[in-house]
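Source file work_36.cif; content: mmCIF, C-alpha atoms.
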data_entry
#
loop_
_atom_site.label_atom_id
_atom_site.label_comp_id
_atom_site.auth_asym_id
_atom_site.auth_seq_id
_atom_site.Cartn_x
_atom_site.Cartn_y
_atom_site.Cartn_z
CA MET D 193 -32.17 40.02 6.34
CA THR D 194 -34.03 40.19 9.64
CA PRO D 195 -35.17 43.70 10.57
CA ARG D 196 -33.18 45.25 13.35
CA PRO D 197 -34.62 47.34 16.18
CA THR D 198 -32.51 50.33 15.19
CA HIS D 199 -33.98 50.23 11.68
CA LEU D 200 -37.46 50.26 13.17
CA PHE D 201 -36.67 53.24 15.41
CA ARG D 202 -35.05 55.13 12.52
CA HIS D 203 -38.15 54.46 10.41
CA GLU D 204 -40.32 55.88 13.19
CA HIS D 205 -38.14 59.00 13.16
CA ARG D 206 -38.79 59.44 9.43
CA VAL D 207 -42.55 59.14 10.05
CA ILE D 208 -42.31 61.77 12.81
CA GLU D 209 -40.45 64.05 10.41
CA GLN D 210 -43.41 63.86 8.00
CA ALA D 211 -45.71 65.23 10.70
CA LEU D 212 -43.18 67.92 11.60
CA ARG D 213 -43.14 69.07 7.96
CA ALA D 214 -46.93 69.33 8.12
CA LEU D 215 -46.74 71.34 11.33
CA ASP D 216 -44.15 73.64 9.73
CA GLY D 217 -46.58 74.25 6.88
CA MET D 218 -49.37 74.98 9.33
CA CYS D 219 -47.17 77.46 11.18
CA PHE D 220 -46.18 79.17 7.92
CA ARG D 221 -49.83 79.56 6.94
CA LEU D 222 -50.80 80.83 10.39
CA GLN D 223 -48.03 83.43 10.27
CA ALA D 224 -49.25 84.48 6.81
CA GLY D 225 -52.67 85.17 8.34
CA ASP D 226 -54.44 82.07 7.05
CA ASP D 227 -56.95 80.27 9.22
CA ILE D 228 -56.13 76.65 9.97
CA PRO D 229 -59.03 74.50 11.13
CA VAL D 230 -58.64 73.69 14.81
CA GLU D 231 -59.36 70.06 13.92
CA ALA D 232 -56.24 69.96 11.71
CA LEU D 233 -54.08 71.37 14.50
CA ALA D 234 -55.62 68.90 16.95
CA GLN D 235 -54.98 66.04 14.53
CA ALA D 236 -51.31 67.00 14.22
CA LEU D 237 -51.06 67.30 18.00
CA ASP D 238 -52.69 63.89 18.35
CA PHE D 239 -49.98 62.48 16.12
CA VAL D 240 -47.07 63.90 18.09
CA GLN D 241 -48.63 63.08 21.45
CA ASN D 242 -49.63 59.54 20.59
CA TYR D 243 -47.12 58.39 18.00
CA ALA D 244 -43.98 60.37 18.80
CA ASP D 245 -44.37 60.27 22.57
CA ARG D 246 -46.74 57.55 23.80
CA PHE D 247 -45.69 55.08 21.09
CA HIS D 248 -42.13 55.86 19.97
CA HIS D 249 -40.60 57.39 23.11
CA PHE D 250 -42.41 54.87 25.29
CA ARG D 251 -40.88 52.00 23.32
CA GLU D 252 -37.41 53.48 23.64
CA GLU D 253 -37.80 53.98 27.39
CA GLU D 254 -39.55 50.68 28.06
CA TYR D 255 -37.54 48.33 25.84
CA LEU D 256 -34.43 49.83 24.20
CA PHE D 257 -32.99 51.69 27.18
CA PRO D 258 -33.31 48.71 29.58
CA ALA D 259 -31.72 46.41 26.97
CA LEU D 260 -28.79 48.83 26.71
CA LYS D 261 -28.49 49.02 30.51
CA GLN D 262 -28.27 45.21 30.62
CA CYS D 263 -25.34 45.44 28.20
CA GLY D 264 -23.50 47.82 30.51
CA LEU D 265 -24.49 51.27 29.27
CA GLU D 266 -24.52 53.52 32.31
CA GLU D 267 -27.94 54.56 33.53
CA GLY D 268 -26.88 58.07 34.52
CA GLY D 269 -25.23 59.05 31.24
CA ALA D 270 -26.67 59.21 27.74
CA LEU D 271 -29.87 57.35 28.64
CA HIS D 272 -30.67 59.75 31.47
CA PHE D 273 -30.02 62.70 29.13
CA LEU D 274 -32.33 61.23 26.47
CA CYS D 275 -35.09 60.61 29.04
CA ASP D 276 -34.75 64.24 30.17
CA GLU D 277 -35.16 65.32 26.55
CA HIS D 278 -38.31 63.18 26.28
CA GLU D 279 -39.67 64.98 29.36
CA LEU D 280 -38.94 68.40 27.87
CA GLU D 281 -40.78 67.35 24.71
CA ARG D 282 -43.77 66.28 26.83
CA GLU D 283 -43.80 69.69 28.50
CA LEU D 284 -43.73 71.42 25.12
CA LEU D 285 -46.57 69.19 23.90
CA ALA D 286 -48.67 70.26 26.88
CA GLU D 287 -47.95 73.90 25.98
CA LEU D 288 -48.94 73.21 22.35
CA GLU D 289 -52.19 71.67 23.48
CA PHE D 290 -52.96 74.75 25.56
CA ALA D 291 -52.09 77.07 22.64
CA ILE D 292 -54.46 75.13 20.37
CA GLU D 293 -57.25 75.55 22.92
CA GLU D 294 -56.53 79.28 23.06
CA TYR D 295 -56.68 79.38 19.25
CA ARG D 296 -59.98 77.47 19.33
CA TYR D 297 -61.51 80.16 21.54
CA GLY D 298 -60.18 83.09 19.51
CA ASP D 299 -57.33 84.31 21.73
CA SER D 300 -55.60 86.96 19.62
CA ASP D 301 -52.12 85.95 20.79
CA ALA D 302 -52.63 82.18 20.37
CA VAL D 303 -51.13 82.00 16.88
CA ARG D 304 -47.89 83.64 18.01
CA ARG D 305 -47.64 81.33 21.03
CA PHE D 306 -48.43 78.23 18.98
CA VAL D 307 -45.81 79.09 16.35
CA GLU D 308 -43.14 79.87 18.99
CA ILE D 309 -43.79 76.68 20.94
CA MET D 310 -43.94 74.61 17.77
CA ASP D 311 -40.61 76.04 16.62
CA ARG D 312 -38.98 75.13 19.94
CA PHE D 313 -40.56 71.66 19.86
CA ARG D 314 -39.53 71.00 16.25
CA LYS D 315 -35.94 72.15 16.74
CA HIS D 316 -35.61 70.14 19.93
CA LEU D 317 -37.16 66.98 18.50
CA ILE D 318 -35.10 67.09 15.30
CA GLY D 319 -31.90 67.51 17.31
CA HIS D 320 -32.98 64.71 19.62
CA MET D 321 -33.69 62.32 16.75
CA GLN D 322 -30.35 63.17 15.14
CA LYS D 323 -28.55 62.25 18.38
CA GLU D 324 -30.41 58.96 18.51
CA ASP D 325 -29.85 58.21 14.81
CA THR D 326 -26.12 58.93 14.90
CA LEU D 327 -25.11 57.93 18.43
CA LEU D 328 -27.67 55.89 20.36
CA PHE D 329 -28.59 53.50 17.57
CA ARG D 330 -24.94 52.97 16.66
CA MET D 331 -24.24 52.08 20.32
CA ALA D 332 -27.22 49.73 20.26
CA GLU D 333 -25.88 47.96 17.17
CA ASP D 334 -22.48 47.58 18.83
CA LEU D 335 -23.66 46.59 22.31
CA LEU D 336 -26.66 44.34 21.69
CA ASP D 337 -25.99 40.79 20.59
CA ASP D 338 -28.31 38.95 18.19
CA ASP D 339 -30.35 37.41 21.02
CA ALA D 340 -30.93 40.82 22.60
CA LYS D 341 -31.86 42.33 19.21
CA ASN D 342 -34.32 39.49 18.52
CA ALA D 343 -35.90 39.86 21.97
CA LEU D 344 -36.19 43.59 21.41
CA MET D 345 -37.88 43.05 18.04
CA ARG D 346 -40.42 40.73 19.65
CA ASN D 347 -41.23 43.43 22.21
CA LEU D 348 -41.55 46.07 19.50
CA ALA D 349 -43.92 44.09 17.27
CA VAL D 350 -47.03 46.33 17.31
CA GLU D 351 -48.45 46.82 13.85
CA GLY D 352 -51.90 48.41 14.13
CA VAL D 353 -50.88 51.58 15.95
CA SER D 354 -47.90 52.08 13.70
CA ARG D 355 -49.82 51.72 10.44
CA LYS D 356 -52.62 54.02 11.60
CA TYR D 357 -50.21 56.80 12.51
CA GLU D 358 -48.00 56.28 9.46
CA ARG D 359 -51.09 56.94 7.31
CA LEU D 360 -51.97 59.97 9.43
CA ALA D 361 -48.43 61.40 9.07
CA ALA D 362 -48.55 60.91 5.30
CA ASP D 363 -51.99 62.54 5.09
CA LEU D 364 -50.89 65.49 7.24
CA GLU D 365 -47.76 65.98 5.18
CA LYS D 366 -49.70 65.84 1.92
CA ALA D 367 -52.27 68.35 3.16
CA TRP D 368 -50.06 70.86 4.97
CA ALA D 369 -46.34 70.60 4.14
CA ILE D 370 -44.94 73.34 1.97
#
Let me see whether you can do it: turn the structure in this file into structure tokens.
Amino acid sequence: MTPRPTHLFRHEHRVIEQALRALDGMCFRLQAGDDIPVEALAQALDFVQNYADRFHHFREEEYLFPALKQCGLEEGGALHFLCDEHELERELLAELEFAIEEYRYGDSDAVRRFVEIMDRFRKHLIGHMQKEDTLLFRMAEDLLDDDAKNALMRNLAVEGVSRKYERLAADLEKAWAI
């Protein structure tokens, strides 16, 4: 069976969830008073910035959403809402990056801010991925014909970045998830 674009996107969601479990473990440890190396926090941030946003969200916005628009899905509806959610996630990532820098320089309130922002980011991203898994990808399966799905798969064929970040997510999860 030929892989389908929705399977690829769902797989990427599962990889993102691995990193979120690692970040949850980091937050738990920080709240318990443990020190987390700044490099570990930066590595987890690198994952969500580069894999979840610049790789995964970019591919949805650049390839999947336009393919769905060509099939008649309205631009102002669900796709606009999902793009707005991507933007909110980007704003939260910028806040996380700032909180990590505050933590790096010993700001006494940085841990609280990092944990609060991470909690908002995690809850938002999990809800977002659930909407895509249950609604958007089902619409894509129904609306896209085989030619559109094959064209989409050709556009999504990027192996090196994916493998690198899949390994990073697995390593982060192994090291930090509770």
Open item on the list: Here is a test: counting all atoms listed in the file, which residue of D:Phe257, D:Asn347, D:Leu274, D:His248 is nearest to D:Gln322?
Closed with: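 Counting all atoms listed in the file, the residue closest to D:Gln322 is D:Leu274.
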Open item on the list: What does the structure give for the distance between atom CA of D:Glu308 and atom CA of D:Gln241, in Å to one decimal?
Closed with: 17.8 Å
Open item on the list: I'd like the contact shell of D:Ala236 - 12 Å cut-off, all atoms listed in the file, skipping same-chain residues fewer than 5 positions apart - returned as a ChimeraX atom specification.
Closed with: /D:208-219,228-231,241-244,285,288-289,292,310,357,360-365,367-369
Open item on the list: I'd like the neighbourhood of D:Asp245 as an MDAnalysis selection string, where a residue qualifies if any of its atoms comes within 12 Å (using all atoms listed in the file), though same-chain residues fewer than 3 positions away should be ignored.
Closed with: chainID D and resid 204:205 208 237:242 248:253 275 277:286 317
Task: Residues returned when the PyMOL selection byres ((chain D and resi 295) around 12) runs on this file, as number ranges by chain - done: D: 222, 227-231, 233-234, 288-294, 296-307
TODO: Enumerate, as JSON, numbers by chain, the residues matched when the PyMOL selection byres ((chain D and resi 324-331) around 12) is run on the file above.
DONE: {"D": [196, 197, 198, 199, 200, 201, 202, 203, 204, 205, 206, 249, 252, 256, 257, 259, 260, 261, 263, 264, 265, 269, 270, 271, 273, 274, 275, 277, 278, 317, 318, 319, 320, 321, 322, 323, 332, 333, 334, 335, 336, 337, 341]}
TODO: Identify which of the residues D:Ala224, D:Phe247, D:His272, D:Ala232 lies closest to D:Glu358, counting all atoms listed in the file when measuring atom-to-atom distances.
DONE: D:Phe247
TODO: Go through D:Asp276, D:Gly225, D:Asp339, D:Lys356 one by one, measure the shortest atom-to-atom distance of each to D:His316 using all atoms listed in the file, and give the residue with the smallest value.
DONE: D:Asp276
Can you rebuild stretch 227-249 of chain D with N, CA and C atoms and give it as a compact mmCIF listing (two decimals), in the frame of the given file?
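Just written: result_28.txt:
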# COMPACT_ATOMS: atom_id res chain seq x y z
N ASP D 227 -56.30 81.03 8.16
CA ASP D 227 -56.95 80.27 9.22
C ASP D 227 -56.69 78.79 8.97
N ILE D 228 -56.31 78.10 10.02
CA ILE D 228 -56.13 76.65 9.97
C ILE D 228 -57.26 76.07 10.81
N PRO D 229 -57.98 75.11 10.30
CA PRO D 229 -59.03 74.50 11.13
C PRO D 229 -58.44 73.92 12.42
N VAL D 230 -59.10 74.20 13.52
CA VAL D 230 -58.64 73.69 14.81
C VAL D 230 -58.51 72.17 14.76
N GLU D 231 -59.40 71.52 14.01
CA GLU D 231 -59.36 70.06 13.92
C GLU D 231 -58.05 69.58 13.30
N ALA D 232 -57.52 70.34 12.33
CA ALA D 232 -56.24 69.96 11.71
C ALA D 232 -55.09 70.10 12.70
N LEU D 233 -55.11 71.20 13.47
CA LEU D 233 -54.08 71.37 14.50
C LEU D 233 -54.19 70.27 15.55
N ALA D 234 -55.41 69.95 15.95
CA ALA D 234 -55.62 68.90 16.95
C ALA D 234 -55.18 67.54 16.42
N GLN D 235 -55.40 67.30 15.14
CA GLN D 235 -54.98 66.04 14.53
C GLN D 235 -53.45 65.92 14.53
N ALA D 236 -52.78 67.01 14.20
CA ALA D 236 -51.31 67.00 14.22
C ALA D 236 -50.80 66.82 15.65
N LEU D 237 -51.44 67.48 16.60
CA LEU D 237 -51.06 67.30 18.00
C LEU D 237 -51.29 65.87 18.44
N ASP D 238 -52.41 65.29 18.04
CA ASP D 238 -52.69 63.89 18.35
C ASP D 238 -51.55 63.00 17.86
N PHE D 239 -51.08 63.27 16.66
CA PHE D 239 -49.98 62.48 16.12
C PHE D 239 -48.75 62.56 17.01
N VAL D 240 -48.31 63.79 17.32
CA VAL D 240 -47.07 63.90 18.09
C VAL D 240 -47.24 63.40 19.52
N GLN D 241 -48.41 63.59 20.10
CA GLN D 241 -48.63 63.08 21.45
C GLN D 241 -48.67 61.55 21.47
N ASN D 242 -49.41 60.98 20.54
CA ASN D 242 -49.63 59.54 20.59
C ASN D 242 -48.58 58.72 19.87
N TYR D 243 -48.12 59.17 18.72
CA TYR D 243 -47.12 58.39 18.00
C TYR D 243 -45.71 58.72 18.48
N ALA D 244 -45.36 60.00 18.44
CA ALA D 244 -43.98 60.37 18.80
C ALA D 244 -43.71 60.09 20.27
N ASP D 245 -44.64 60.43 21.14
CA ASP D 245 -44.37 60.27 22.57
C ASP D 245 -44.87 58.93 23.13
N ARG D 246 -46.18 58.73 23.12
CA ARG D 246 -46.74 57.55 23.80
C ARG D 246 -46.40 56.24 23.09
N PHE D 247 -46.07 56.30 21.82
CA PHE D 247 -45.69 55.08 21.09
C PHE D 247 -44.17 55.00 20.97
N HIS D 248 -43.56 55.93 20.26
CA HIS D 248 -42.13 55.86 19.97
C HIS D 248 -41.26 56.04 21.22
N HIS D 249 -41.43 57.16 21.92
CA HIS D 249 -40.60 57.39 23.11
C HIS D 249 -40.85 56.32 24.18
